[in-house]
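One file, query_20.csv, carrying CSV, C-alpha atoms:
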chain,number,residue,atom,x,y,z
A,1,MET,CA,-68.6,1.5,-46.7
A,2,THR,CA,-72.1,1.3,-48.4
A,3,ALA,CA,-71.6,4.9,-49.4
A,4,GLY,CA,-68.3,3.9,-50.9
A,5,LEU,CA,-70.1,1.3,-53.0
A,6,MET,CA,-72.7,3.8,-54.1
A,7,PHE,CA,-70.0,6.3,-55.1
A,8,VAL,CA,-68.2,3.7,-57.2
A,9,ILE,CA,-71.4,2.8,-59.0
A,10,ILE,CA,-72.4,6.3,-59.8
A,11,THR,CA,-69.0,7.7,-60.6
A,12,PRO,CA,-69.0,9.0,-64.2
A,13,ARG,CA,-67.6,6.3,-66.5
A,14,PHE,CA,-65.6,8.7,-68.6
A,15,SER,CA,-63.6,9.9,-65.6
A,16,TYR,CA,-62.8,6.5,-64.2
A,17,PRO,CA,-61.8,3.4,-66.2
A,18,ASN,CA,-64.6,0.8,-66.2
A,19,TYR,CA,-62.4,-2.2,-65.2
A,20,ARG,CA,-60.9,-0.2,-62.3
A,21,ARG,CA,-64.4,0.7,-61.1
A,22,LYS,CA,-65.4,-3.0,-61.1
A,23,LEU,CA,-62.2,-4.0,-59.2
A,24,LEU,CA,-62.7,-1.2,-56.7
A,25,PHE,CA,-66.3,-2.2,-56.2
A,26,ILE,CA,-65.3,-5.8,-55.4
A,27,ALA,CA,-62.6,-4.7,-53.0
A,28,ILE,CA,-64.9,-2.4,-51.1
A,29,LEU,CA,-67.6,-5.1,-51.1
A,30,GLY,CA,-65.2,-7.6,-49.6
A,31,LEU,CA,-64.1,-5.3,-46.8
A,32,LEU,CA,-67.7,-4.2,-46.2
A,33,SER,CA,-68.8,-7.8,-45.8
A,34,VAL,CA,-66.0,-8.7,-43.3
A,35,ILE,CA,-66.6,-5.6,-41.2
A,36,TYR,CA,-70.4,-5.8,-41.3
A,37,LEU,CA,-70.8,-9.5,-40.7
A,38,GLY,CA,-68.1,-9.5,-38.0
A,39,LEU,CA,-69.2,-6.5,-36.0
A,40,GLU,CA,-72.9,-5.8,-36.7
A,41,GLN,CA,-75.8,-7.6,-35.0
A,42,THR,CA,-78.2,-8.3,-37.8
A,43,ASP,CA,-81.5,-10.1,-37.9
A,44,PRO,CA,-81.1,-13.1,-40.3
A,45,LEU,CA,-84.5,-12.3,-41.8
A,46,VAL,CA,-83.6,-8.6,-42.4
A,47,TYR,CA,-80.4,-9.7,-44.0
A,48,ALA,CA,-82.2,-12.2,-46.2
A,49,LEU,CA,-85.2,-10.1,-47.3
A,50,HIS,CA,-83.8,-6.6,-47.3
A,51,LEU,CA,-80.0,-6.3,-47.5
A,52,THR,CA,-79.5,-9.1,-49.9
A,53,PRO,CA,-82.0,-8.1,-52.6
A,54,ILE,CA,-81.3,-4.4,-52.4
A,55,SER,CA,-77.5,-4.9,-52.7
A,56,LEU,CA,-77.6,-7.6,-55.3
A,57,THR,CA,-80.0,-5.7,-57.5
A,58,LEU,CA,-77.9,-2.6,-57.2
A,59,ALA,CA,-74.8,-4.4,-58.4
A,60,VAL,CA,-76.2,-6.6,-61.1
A,61,LEU,CA,-78.6,-4.0,-62.6
A,62,TYR,CA,-76.2,-1.1,-62.9
A,63,GLU,CA,-72.7,-2.8,-63.0
A,64,GLY,CA,-73.3,-6.1,-64.7
A,65,LEU,CA,-71.7,-9.6,-64.6
A,66,LEU,CA,-68.4,-9.3,-62.6
A,67,PRO,CA,-69.6,-7.1,-59.7
A,68,GLY,CA,-72.9,-9.0,-59.7
A,69,ILE,CA,-71.1,-12.3,-59.2
A,70,ALA,CA,-69.0,-10.9,-56.4
A,71,THR,CA,-72.0,-9.5,-54.7
A,72,TRP,CA,-74.0,-12.7,-55.1
A,73,ALA,CA,-71.1,-14.8,-53.7
A,74,ALA,CA,-70.6,-12.4,-50.7
A,75,PHE,CA,-74.2,-12.4,-49.7
A,76,CYS,CA,-74.7,-16.1,-50.2
A,77,ILE,CA,-71.7,-16.9,-48.0
A,78,GLY,CA,-72.9,-14.4,-45.4
A,79,GLY,CA,-76.4,-15.6,-45.5
A,80,ILE,CA,-75.7,-19.4,-45.3
A,81,PHE,CA,-72.6,-19.6,-43.1
A,82,ILE,CA,-72.9,-16.6,-40.8
A,83,MET,CA,-76.6,-15.8,-40.7
A,84,HIS,CA,-77.5,-19.5,-41.0
A,85,ASN,CA,-80.3,-19.0,-43.4
A,86,ASP,CA,-81.6,-21.9,-45.4
A,87,PRO,CA,-79.1,-22.7,-48.2
A,88,LEU,CA,-81.6,-23.9,-50.8
A,89,THR,CA,-83.9,-20.9,-50.3
A,90,THR,CA,-81.0,-18.5,-50.4
A,91,LEU,CA,-79.4,-19.9,-53.5
A,92,ILE,CA,-82.6,-20.3,-55.6
A,93,SER,CA,-84.0,-16.8,-54.8
A,94,SER,CA,-80.6,-15.1,-55.3
A,95,ILE,CA,-80.0,-16.9,-58.6
A,96,ALA,CA,-83.4,-15.9,-59.8
A,97,LEU,CA,-82.7,-12.3,-59.0
A,98,PHE,CA,-79.2,-12.4,-60.5
A,99,ALA,CA,-80.5,-13.8,-63.8
A,100,ALA,CA,-83.4,-11.4,-64.1
A,101,GLY,CA,-81.1,-8.4,-63.1
A,102,LEU,CA,-78.5,-9.4,-65.6
A,103,LEU,CA,-81.1,-9.7,-68.4
A,104,CYS,CA,-82.3,-6.1,-67.6
A,105,HIS,CA,-78.7,-4.8,-67.4
A,106,TYR,CA,-77.8,-5.9,-70.9
A,107,LYS,CA,-81.1,-4.6,-72.3
A,108,LEU,CA,-81.1,-1.4,-70.3
A,109,GLU,CA,-82.5,1.3,-72.5
A,110,ASP,CA,-82.9,5.0,-71.7
A,111,VAL,CA,-86.0,4.9,-69.5
A,112,SER,CA,-87.4,7.4,-67.0
A,113,GLN,CA,-86.5,7.5,-63.4
A,114,LEU,CA,-90.0,6.2,-62.3
A,115,ARG,CA,-89.8,3.3,-64.7
A,116,MET,CA,-86.3,2.4,-63.5
A,117,SER,CA,-87.4,2.6,-59.9
A,118,LEU,CA,-90.3,0.2,-60.7
A,119,ARG,CA,-88.0,-2.1,-62.5
A,120,TYR,CA,-85.6,-2.1,-59.6
A,121,PHE,CA,-88.4,-2.8,-57.1
A,122,ALA,CA,-89.8,-5.5,-59.5
A,123,LEU,CA,-86.4,-7.4,-59.3
A,124,VAL,CA,-86.5,-7.1,-55.5
A,125,CYS,CA,-90.1,-8.5,-55.6
A,126,ILE,CA,-88.9,-11.5,-57.7
A,127,TYR,CA,-86.4,-12.3,-54.9
A,128,LEU,CA,-88.9,-11.8,-52.1
A,129,THR,CA,-91.5,-13.9,-53.9
A,130,ALA,CA,-89.1,-16.7,-54.5
A,131,TYR,CA,-87.7,-16.6,-51.0
A,132,THR,CA,-91.0,-16.5,-49.2
A,133,THR,CA,-92.6,-19.2,-51.4
A,134,ILE,CA,-89.8,-21.7,-50.9
A,135,THR,CA,-89.8,-21.0,-47.2
A,136,ILE,CA,-93.6,-21.6,-46.9
A,137,LEU,CA,-93.3,-24.7,-49.0
A,138,GLN,CA,-90.7,-26.0,-46.6
A,139,GLY,CA,-93.1,-25.4,-43.7
A,140,GLY,CA,-91.8,-22.0,-42.6
A,141,THR,CA,-93.9,-19.0,-41.5
A,142,PHE,CA,-93.6,-15.2,-41.6
A,143,GLU,CA,-95.3,-12.5,-39.6
A,144,LEU,CA,-97.4,-10.4,-41.8
A,145,ARG,CA,-96.3,-7.2,-40.0
A,146,THR,CA,-92.6,-8.0,-40.5
A,147,LEU,CA,-93.1,-8.7,-44.2
A,148,ALA,CA,-95.0,-5.4,-44.6
A,149,LEU,CA,-92.2,-3.4,-42.9
A,150,ILE,CA,-89.5,-5.1,-45.0
A,151,GLY,CA,-91.5,-4.6,-48.2
A,152,THR,CA,-92.0,-0.9,-47.4
A,153,ALA,CA,-88.3,-0.5,-46.6
A,154,ASN,CA,-87.4,-2.2,-50.0
A,155,LEU,CA,-89.7,0.2,-51.9
A,156,LEU,CA,-88.2,3.3,-50.2
A,157,SER,CA,-84.6,2.0,-50.8
A,158,SER,CA,-85.4,1.4,-54.5
A,159,LEU,CA,-86.7,4.9,-54.9
A,160,PHE,CA,-83.8,6.4,-53.0
A,161,ILE,CA,-81.1,4.5,-54.9
A,162,ASN,CA,-82.6,5.4,-58.3
A,163,TYR,CA,-83.0,9.0,-57.4
A,164,ILE,CA,-79.3,9.3,-56.6
A,165,TYR,CA,-78.3,7.2,-59.7
A,166,PHE,CA,-80.4,9.4,-62.1
A,167,HIS,CA,-79.3,12.6,-60.5
A,168,VAL,CA,-75.6,11.8,-60.9
A,169,LYS,CA,-76.1,10.4,-64.4
A,170,HIS,CA,-77.9,13.6,-65.4
A,171,GLN,CA,-75.0,15.6,-64.2
A,172,GLU,CA,-72.6,13.3,-66.1
A,173,ARG,CA,-74.5,13.8,-69.3
A,174,PHE,CA,-74.6,17.5,-68.8
A,175,GLN,CA,-70.9,17.6,-68.2
A,176,GLN,CA,-70.2,15.5,-71.3
A,177,GLU,CA,-72.4,17.7,-73.5
A,178,LEU,CA,-70.7,20.8,-72.1
A,179,ILE,CA,-67.2,19.4,-72.9
A,180,MET,CA,-68.3,18.4,-76.4
A,181,SER,CA,-69.9,21.9,-76.9
A,182,GLU,CA,-66.6,23.6,-75.9
A,183,LYS,CA,-64.7,21.3,-78.3
A,184,TYR,CA,-67.0,22.0,-81.2
A,185,GLN,CA,-66.8,25.7,-80.5
A,186,MET,CA,-63.0,25.7,-80.4
A,187,ILE,CA,-62.9,23.6,-83.6
A,188,GLY,CA,-65.3,25.9,-85.3
A,189,HIS,CA,-63.4,29.0,-84.2
A,190,LEU,CA,-60.0,27.5,-85.3
A,191,ALA,CA,-61.4,26.4,-88.7
A,192,ALA,CA,-62.9,29.9,-89.3
A,193,SER,CA,-59.7,31.6,-88.2
A,194,ILE,CA,-57.6,29.4,-90.5
A,195,SER,CA,-60.0,30.0,-93.4
A,196,HIS,CA,-59.9,33.7,-92.8
A,197,GLU,CA,-56.1,33.9,-92.5
A,198,ILE,CA,-55.5,31.8,-95.7
A,199,ARG,CA,-58.2,33.6,-97.7
A,200,ASN,CA,-56.5,37.0,-97.3
A,201,PRO,CA,-53.1,36.1,-99.0
A,202,LEU,CA,-54.9,34.0,-101.6
A,203,THR,CA,-57.2,36.9,-102.5
A,204,THR,CA,-54.2,39.1,-102.8
A,205,THR,CA,-52.5,36.5,-105.0
A,206,ARG,CA,-55.5,36.3,-107.2
A,207,GLY,CA,-55.6,40.0,-107.6
A,208,PHE,CA,-52.0,40.2,-108.7
A,209,LEU,CA,-52.5,37.3,-111.1
A,210,GLN,CA,-55.4,39.2,-112.7
A,211,LEU,CA,-53.3,42.3,-113.0
A,212,MET,CA,-50.5,40.3,-114.7
A,213,GLY,CA,-53.1,39.5,-117.5
A,214,LYS,CA,-53.4,43.1,-118.6
A,215,GLU,CA,-51.9,44.1,-121.9
A,216,GLY,CA,-49.0,46.6,-122.2
A,217,LEU,CA,-47.3,45.8,-118.9
A,218,ASP,CA,-43.6,46.5,-118.8
A,219,ARG,CA,-41.2,43.8,-117.5
A,220,GLU,CA,-40.5,45.6,-114.2
A,221,THR,CA,-44.2,45.9,-113.3
A,222,LEU,CA,-44.8,42.3,-114.3
A,223,ASN,CA,-42.0,41.1,-112.1
A,224,ARG,CA,-43.3,43.1,-109.2
A,225,TYR,CA,-46.8,41.6,-109.6
A,226,ARG,CA,-45.2,38.1,-109.8
A,227,LYS,CA,-43.2,38.8,-106.6
A,228,HIS,CA,-46.3,39.9,-104.7
A,229,ALA,CA,-48.3,36.9,-105.9
A,230,PHE,CA,-45.5,34.5,-104.7
A,231,GLU,CA,-45.4,36.3,-101.4
A,232,GLY,CA,-49.2,35.6,-101.0
A,233,VAL,CA,-48.7,31.9,-101.7
A,234,ASP,CA,-45.7,31.7,-99.4
A,235,LEU,CA,-47.7,33.4,-96.6
A,236,ALA,CA,-50.6,30.9,-97.0
A,237,SER,CA,-48.1,28.1,-96.9
A,238,THR,CA,-46.5,29.5,-93.8
A,239,ILE,CA,-49.8,29.6,-92.0
A,240,ILE,CA,-50.6,26.0,-92.8
A,241,THR,CA,-47.1,24.9,-91.8
A,242,ASP,CA,-47.3,26.7,-88.5
A,243,TYR,CA,-50.7,25.1,-87.8
A,244,LEU,CA,-49.3,21.6,-88.6
A,245,ASN,CA,-46.3,22.1,-86.5
A,246,PHE,CA,-48.5,23.1,-83.6
A,247,SER,CA,-51.0,20.3,-83.9
A,248,LYS,CA,-48.5,17.5,-84.6
A,249,PRO,CA,-44.8,18.5,-84.1
A,250,ASN,CA,-42.2,16.2,-85.6
A,251,GLU,CA,-40.3,14.0,-83.3
A,252,GLU,CA,-36.5,14.1,-83.5
A,253,LYS,CA,-33.8,12.8,-81.3
A,254,SER,CA,-33.0,15.0,-78.2
A,255,LEU,CA,-29.3,16.1,-78.0
A,256,LEU,CA,-27.1,18.1,-75.8
A,257,LEU,CA,-27.3,21.8,-76.9
A,258,ASP,CA,-25.0,24.6,-75.9
A,259,VAL,CA,-27.4,27.6,-75.4
A,260,GLN,CA,-24.7,30.2,-76.0
A,261,MET,CA,-23.6,28.6,-79.2
A,262,GLU,CA,-27.2,28.3,-80.4
A,263,ILE,CA,-27.9,32.0,-79.8
A,264,ASP,CA,-24.6,33.0,-81.5
A,265,GLY,CA,-25.5,30.8,-84.4
A,266,ILE,CA,-28.7,32.6,-85.3
A,267,MET,CA,-27.2,36.1,-85.2
A,268,PRO,CA,-26.1,36.1,-88.9
A,269,TRP,CA,-29.8,35.6,-89.7
A,270,LEU,CA,-31.0,38.3,-87.4
A,271,GLN,CA,-28.5,41.1,-88.1
A,272,PRO,CA,-29.6,41.9,-91.7
A,273,TYR,CA,-33.3,42.0,-90.6
A,274,SER,CA,-32.5,44.2,-87.6
A,275,ALA,CA,-30.4,46.5,-89.6
A,276,LEU,CA,-33.4,47.3,-91.9
A,277,SER,CA,-35.3,48.5,-88.8
A,278,ASN,CA,-32.4,50.3,-87.2
A,279,ILE,CA,-32.3,47.8,-84.3
A,280,GLU,CA,-29.2,47.4,-82.1
A,281,ILE,CA,-28.7,43.8,-80.8
A,282,GLU,CA,-26.7,43.2,-77.7
A,283,ILE,CA,-25.8,39.7,-76.6
A,284,GLN,CA,-24.5,39.0,-73.0
A,285,HIS,CA,-23.6,35.6,-71.7
A,286,LEU,CA,-23.4,36.2,-68.0
A,287,SER,CA,-22.1,32.7,-67.1
A,288,ARG,CA,-18.6,31.4,-67.8
A,289,GLU,CA,-19.8,27.8,-67.5
A,290,ARG,CA,-21.2,26.0,-70.5
A,291,LEU,CA,-25.0,26.2,-70.5
A,292,LEU,CA,-26.2,22.8,-71.7
A,293,ILE,CA,-29.8,21.7,-72.2
A,294,ARG,CA,-31.4,18.7,-73.9
A,295,GLY,CA,-33.4,19.4,-77.1
A,296,GLU,CA,-33.3,19.7,-80.9
A,297,SER,CA,-31.1,22.4,-82.4
A,298,LYS,CA,-33.4,23.3,-85.3
A,299,LYS,CA,-36.4,23.7,-83.0
A,300,LEU,CA,-34.6,25.7,-80.4
A,301,GLN,CA,-33.3,28.0,-83.1
A,302,GLN,CA,-36.7,28.3,-84.6
A,303,CYS,CA,-38.1,29.3,-81.2
A,304,LEU,CA,-35.4,31.9,-80.6
A,305,LEU,CA,-35.7,33.3,-84.1
A,306,ASN,CA,-39.5,33.6,-83.8
A,307,VAL,CA,-39.3,35.4,-80.4
A,308,MET,CA,-36.5,37.7,-81.5
A,309,LYS,CA,-38.3,38.5,-84.8
A,310,ASN,CA,-41.4,39.4,-82.9
A,311,ALA,CA,-39.3,41.7,-80.7
A,312,ILE,CA,-37.7,43.4,-83.7
A,313,GLU,CA,-41.1,43.9,-85.3
A,314,SER,CA,-42.4,45.6,-82.1
A,315,MET,CA,-39.8,48.3,-82.7
A,316,PRO,CA,-40.6,49.7,-86.1
A,317,ASP,CA,-39.0,53.0,-85.3
A,318,GLY,CA,-35.8,51.5,-84.1
A,319,GLY,CA,-34.7,50.4,-80.6
A,320,LYS,CA,-32.5,47.9,-78.8
A,321,LEU,CA,-32.8,44.1,-78.5
A,322,THR,CA,-30.9,42.6,-75.5
A,323,VAL,CA,-30.4,38.9,-75.1
A,324,HIS,CA,-29.0,37.6,-71.7
A,325,THR,CA,-28.1,34.1,-70.8
A,326,GLN,CA,-27.5,33.1,-67.2
A,327,LEU,CA,-27.4,30.2,-64.8
A,328,VAL,CA,-29.7,30.6,-61.7
A,329,GLN,CA,-29.3,27.6,-59.4
A,330,ASN,CA,-29.8,24.6,-61.7
A,331,SER,CA,-32.0,26.5,-64.2
A,332,ILE,CA,-30.7,28.1,-67.5
A,333,GLN,CA,-32.4,31.3,-68.3
A,334,ILE,CA,-32.6,33.2,-71.6
A,335,LEU,CA,-33.9,36.7,-71.3
A,336,ILE,CA,-35.0,38.5,-74.5
A,337,HIS,CA,-35.7,42.2,-73.9
A,338,ASP,CA,-37.0,44.7,-76.4
A,339,THR,CA,-37.8,48.4,-76.1
A,340,GLY,CA,-40.9,48.3,-78.2
A,341,ALA,CA,-44.5,49.3,-77.7
A,342,GLY,CA,-45.1,46.7,-75.0
A,343,MET,CA,-48.5,45.2,-74.0
A,344,ASP,CA,-51.0,45.5,-71.2
A,345,LYS,CA,-51.9,42.7,-68.8
A,346,SER,CA,-54.9,41.5,-70.8
A,347,GLN,CA,-52.7,41.1,-73.9
A,348,VAL,CA,-50.0,39.3,-72.0
A,349,LYS,CA,-52.5,36.8,-70.7
A,350,ARG,CA,-53.8,36.1,-74.2
A,351,LEU,CA,-50.3,35.4,-75.7
A,352,GLY,CA,-50.3,31.9,-77.2
A,353,LYS,CA,-54.0,31.8,-77.7
A,354,PRO,CA,-55.3,30.7,-81.1
A,355,TYR,CA,-54.9,33.6,-83.6
A,356,PHE,CA,-54.2,36.3,-81.0
A,357,THR,CA,-51.6,38.7,-82.2
A,358,THR,CA,-50.6,42.4,-81.8
A,359,LYS,CA,-49.1,42.6,-85.3
A,360,GLU,CA,-51.2,43.9,-88.1
A,361,ASN,CA,-50.4,41.1,-90.5
A,362,GLY,CA,-49.7,38.4,-87.9
A,363,THR,CA,-51.6,35.1,-87.3
A,364,GLY,CA,-50.5,34.2,-83.7
A,365,LEU,CA,-49.7,30.7,-84.8
A,366,GLY,CA,-45.9,31.3,-84.6
A,367,LEU,CA,-46.0,31.9,-80.9
A,368,MET,CA,-48.3,28.9,-80.4
A,369,VAL,CA,-45.7,26.8,-82.1
A,370,VAL,CA,-42.9,28.3,-79.9
A,371,MET,CA,-44.8,27.5,-76.7
A,372,SER,CA,-45.5,23.9,-77.9
A,373,MET,CA,-41.8,23.3,-78.7
A,374,ILE,CA,-40.5,24.9,-75.5
A,375,LYS,CA,-42.9,22.7,-73.5
A,376,LYS,CA,-41.7,19.6,-75.4
A,377,MET,CA,-38.1,20.4,-74.4
A,378,ASN,CA,-39.3,20.5,-70.7
A,379,GLY,CA,-38.9,24.3,-70.7
A,380,LYS,CA,-41.0,27.2,-69.6
A,381,ILE,CA,-41.8,30.5,-71.4
A,382,LEU,CA,-42.9,33.6,-69.5
A,383,PHE,CA,-43.7,37.2,-70.6
A,384,ARG,CA,-43.5,40.5,-68.7
A,385,SER,CA,-44.5,43.7,-70.4
A,386,LYS,CA,-45.9,47.2,-69.8
A,387,PRO,CA,-47.3,49.6,-72.4
A,388,ASN,CA,-44.5,51.8,-73.9
A,389,GLU,CA,-41.9,50.0,-71.8
A,390,GLY,CA,-41.1,47.0,-73.9
A,391,THR,CA,-41.4,43.3,-73.3
A,392,ILE,CA,-39.2,40.7,-71.6
A,393,CYS,CA,-39.5,37.1,-72.7
A,394,GLU,CA,-38.0,34.6,-70.3
A,395,LEU,CA,-37.1,31.0,-71.4
A,396,HIS,CA,-36.3,28.6,-68.6
A,397,PHE,CA,-34.7,25.2,-69.1
A,398,LYS,CA,-33.3,22.6,-66.8
A,399,ARG,CA,-29.6,22.3,-67.0
A,400,ALA,CA,-28.2,19.1,-68.5
A,401,GLU,CA,-25.0,17.4,-67.5
A,402,LEU,CA,-22.4,16.0,-69.9

Please render this file's structure as structure tokens.
Amino acid sequence: MTAGLMFVIITPRFSYPNYRRKLLFIAILGLLSVIYLGLEQTDPLVYALHLTPISLTLAVLYEGLLPGIATWAAFCIGGIFIMHNDPLTTLISSIALFAAGLLCHYKLEDVSQLRMSLRYFALVCIYLTAYTTITILQGGTFELRTLALIGTANLLSSLFINYIYFHVKHQERFQQELIMSEKYQMIGHLAASISHEIRNPLTTTRGFLQLMGKEGLDRETLNRYRKHAFEGVDLASTIITDYLNFSKPNEEKSLLLDVQMEIDGIMPWLQPYSALSNIEIEIQHLSRERLLIRGESKKLQQCLLNVMKNAIESMPDGGKLTVHTQLVQNSIQILIHDTGAGMDKSQVKRLGKPYFTTKENGTGLGLMVVMSMIKKMNGKILFRSKPNEGTICELHFKRAEL
């Protein structure tokens, strides 16, 4: 139980809410007090001069007011009513320690382990001095050997507790610094990637705008330069839009969607594009039942268009795109299979990572957006691929009822 208290105190604050730590501390302390005082045979002097100052200092110095009050109350009740120690002596010495420890807690600066150990032991000494002085003034006596043993035990306990505390806090700081370093590295990489991706089309646009300023250009050439300049601006706008959709997707009302109708609805958009690349599209709905899912029609169509567009672009020399829909148990599956170049295992694992793409002019943001939207619709997306054997994209959704 004492180990439980130590664990609560040294548990990293960023991984456990502060108020929950304090409540858990109080609960363990209460249970510890009941078990310890009810079952253990303890010398009243050891309880008063060793257990009380060590435990109270631990609570008030590192945890503050609420755990400190709970610890103070528990040890005062135990010392007065169970151990039958002198009430006045117990109350005055423990209040002195509580006040001094609370003052140190709220003025706790970043000090070395040795200085913290000395501060801890100094608070224990305040308690011991107050307790022994009041006892002697009331006519009590102590054995010098007993006081020496208890003082040595308190010193060793102070050093041990502070060693554990500083060791864990050092690991906590190291973990926080590592997390922040990884975040900064990712932000820097993302910012550099976005800057690089946007700079390319803007540079192209600038070049065509400069060419448009030449004298003697015929109207056809001027229109061609203008078209390429607009394409560069549109590409930069697409990159920014994809990034914004990934980082903060718009929230719309989720509705019942018929998967078969949604797929059939995007075919008019795909057929002209596939015809230019000599791609044959085959749609097979393998279930006679209505395949209903919950989601947003525009987002689902955007996901399907993006995946199918990628599949078509992987077959520049022509091929076949097959789309199957089926019901497996209570899961609706959409299989999109192309006969393109395919990917190796390392490429499949990197799909959806920031700015990873197998396309020459791609950014990778489109697939990131697709994965984000599929996840928001409580779906899953999987890829299976081998070099020169094409790629299969699997979309899995939970079936919705009418």

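Distance annotation: of A:Ile179, A:Leu367, A:Leu222, A:Ala400, the residue with the minimal separation from Ser331 (chain A) is A:Ala400; atom set is only C-alpha atoms.
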
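Between CA of Ser157 (chain A) and CA of Pro44 (chain A) there is a distance of 18.7 Å.
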
*asked:* Ranking A:Asn378, A:Thr89, A:Gln329, A:Ser314 by minimum distance to Leu137 (chain A) and counting only C-alpha atoms, which one comes first?
replied: A:Thr89

_Applying 12 Å and only C-alpha atoms, which residues near Pro87 (chain A) remain after dropping the ones on its own chain fewer than 5 positions away? List them as a ChimeraX atom specification._
/A:48,75-82,92-95,131,134-135

*From the list A:Asp264, A:Glu40, A:Asp218, A:Glu394, which residue is nearest Gln333 (chain A) when using all atoms listed in the file?*
A:Glu394

*Grab the CA of Gln284 (chain A) to CA of Leu321 (chain A) distance for me, in Å with one decimal place.*
11.2 Å

*Would you mind listing what lies within 10 Å of Ala99 (chain A) as a PyMOL selection string, with only C-alpha atoms counted and same-chain residues fewer than 3 positions away left out?*
chain A and resi 60+65+68+94-96+102-105+123

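Closest approach to Asp338 (chain A) among A:Lys380, A:Lys375, A:Lys386, A:His84: A:Lys386, based on all atoms listed in the file.
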
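CA of Asn162 (chain A) sits 16.1 Å away from CA of Leu51 (chain A).
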
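Considering the residues A:Ser372, A:Thr52, A:Ser254, A:Thr203 and counting only C-alpha atoms, Glu231 (chain A) has its shortest atom-to-atom contact with A:Thr203.
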
*Name the residues, using the chain letters and numbers of the file, that sit within 12 Å of (-52.1, 27.7, -103.1) when counting all atoms listed in the file, and give them as a list in words.*
Ile198, Arg199, Asn200, Pro201, Leu202, Thr203, Thr204, Thr205, Arg206, Ala229, Phe230, Glu231, Gly232, Val233, Asp234, Leu235, Ala236, Ser237, Thr238, Ile239 and Ile240 of chain A

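Using all atoms listed in the file, the nearest neighbour of Ala73 (chain A) within the list A:Gly379, A:Gly319, A:Gly140, A:Gly30 is A:Gly30.
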
Because some atoms of region 255-265 of chain A are absent here, can you restore N, CA, C and O atoms and send them as a short mmCIF file (atom, residue, chain, number, x, y, z; two decimals), keeping the file's coordinate frame?
data_model
loop_
_atom_site.label_atom_id
_atom_site.label_comp_id
_atom_site.auth_asym_id
_atom_site.auth_seq_id
_atom_site.Cartn_x
_atom_site.Cartn_y
_atom_site.Cartn_z
N LEU A 255 -30.80 16.02 -78.17
CA LEU A 255 -29.30 16.10 -78.00
C LEU A 255 -28.94 17.13 -77.04
O LEU A 255 -29.75 17.99 -76.66
N LEU A 256 -27.68 17.09 -76.61
CA LEU A 256 -27.10 18.10 -75.80
C LEU A 256 -26.89 19.39 -76.61
O LEU A 256 -26.22 19.33 -77.64
N LEU A 257 -27.40 20.53 -76.17
CA LEU A 257 -27.30 21.80 -76.90
C LEU A 257 -26.58 22.81 -76.01
O LEU A 257 -26.91 22.93 -74.83
N ASP A 258 -25.63 23.53 -76.59
CA ASP A 258 -25.00 24.60 -75.90
C ASP A 258 -25.79 25.90 -76.22
O ASP A 258 -25.83 26.38 -77.36
N VAL A 259 -26.47 26.45 -75.21
CA VAL A 259 -27.40 27.60 -75.40
C VAL A 259 -26.63 28.77 -76.01
O VAL A 259 -27.13 29.45 -76.91
N GLN A 260 -25.45 29.06 -75.48
CA GLN A 260 -24.70 30.20 -76.00
C GLN A 260 -24.33 30.07 -77.44
O GLN A 260 -24.44 31.02 -78.22
N MET A 261 -23.92 28.86 -77.84
CA MET A 261 -23.60 28.60 -79.20
C MET A 261 -24.82 28.70 -80.13
O MET A 261 -24.75 29.21 -81.27
N GLU A 262 -25.96 28.21 -79.65
CA GLU A 262 -27.20 28.30 -80.40
C GLU A 262 -27.60 29.70 -80.69
O GLU A 262 -28.03 30.05 -81.80
N ILE A 263 -27.49 30.54 -79.66
CA ILE A 263 -27.90 32.00 -79.80
C ILE A 263 -26.90 32.65 -80.78
O ILE A 263 -27.32 33.41 -81.68
N ASP A 264 -25.60 32.41 -80.59
CA ASP A 264 -24.60 33.00 -81.50
C ASP A 264 -24.81 32.56 -82.92
O ASP A 264 -24.55 33.30 -83.88
N GLY A 265 -25.31 31.33 -83.08
CA GLY A 265 -25.50 30.80 -84.40
C GLY A 265 -26.60 31.42 -85.22
O GLY A 265 -26.59 31.38 -86.46
#
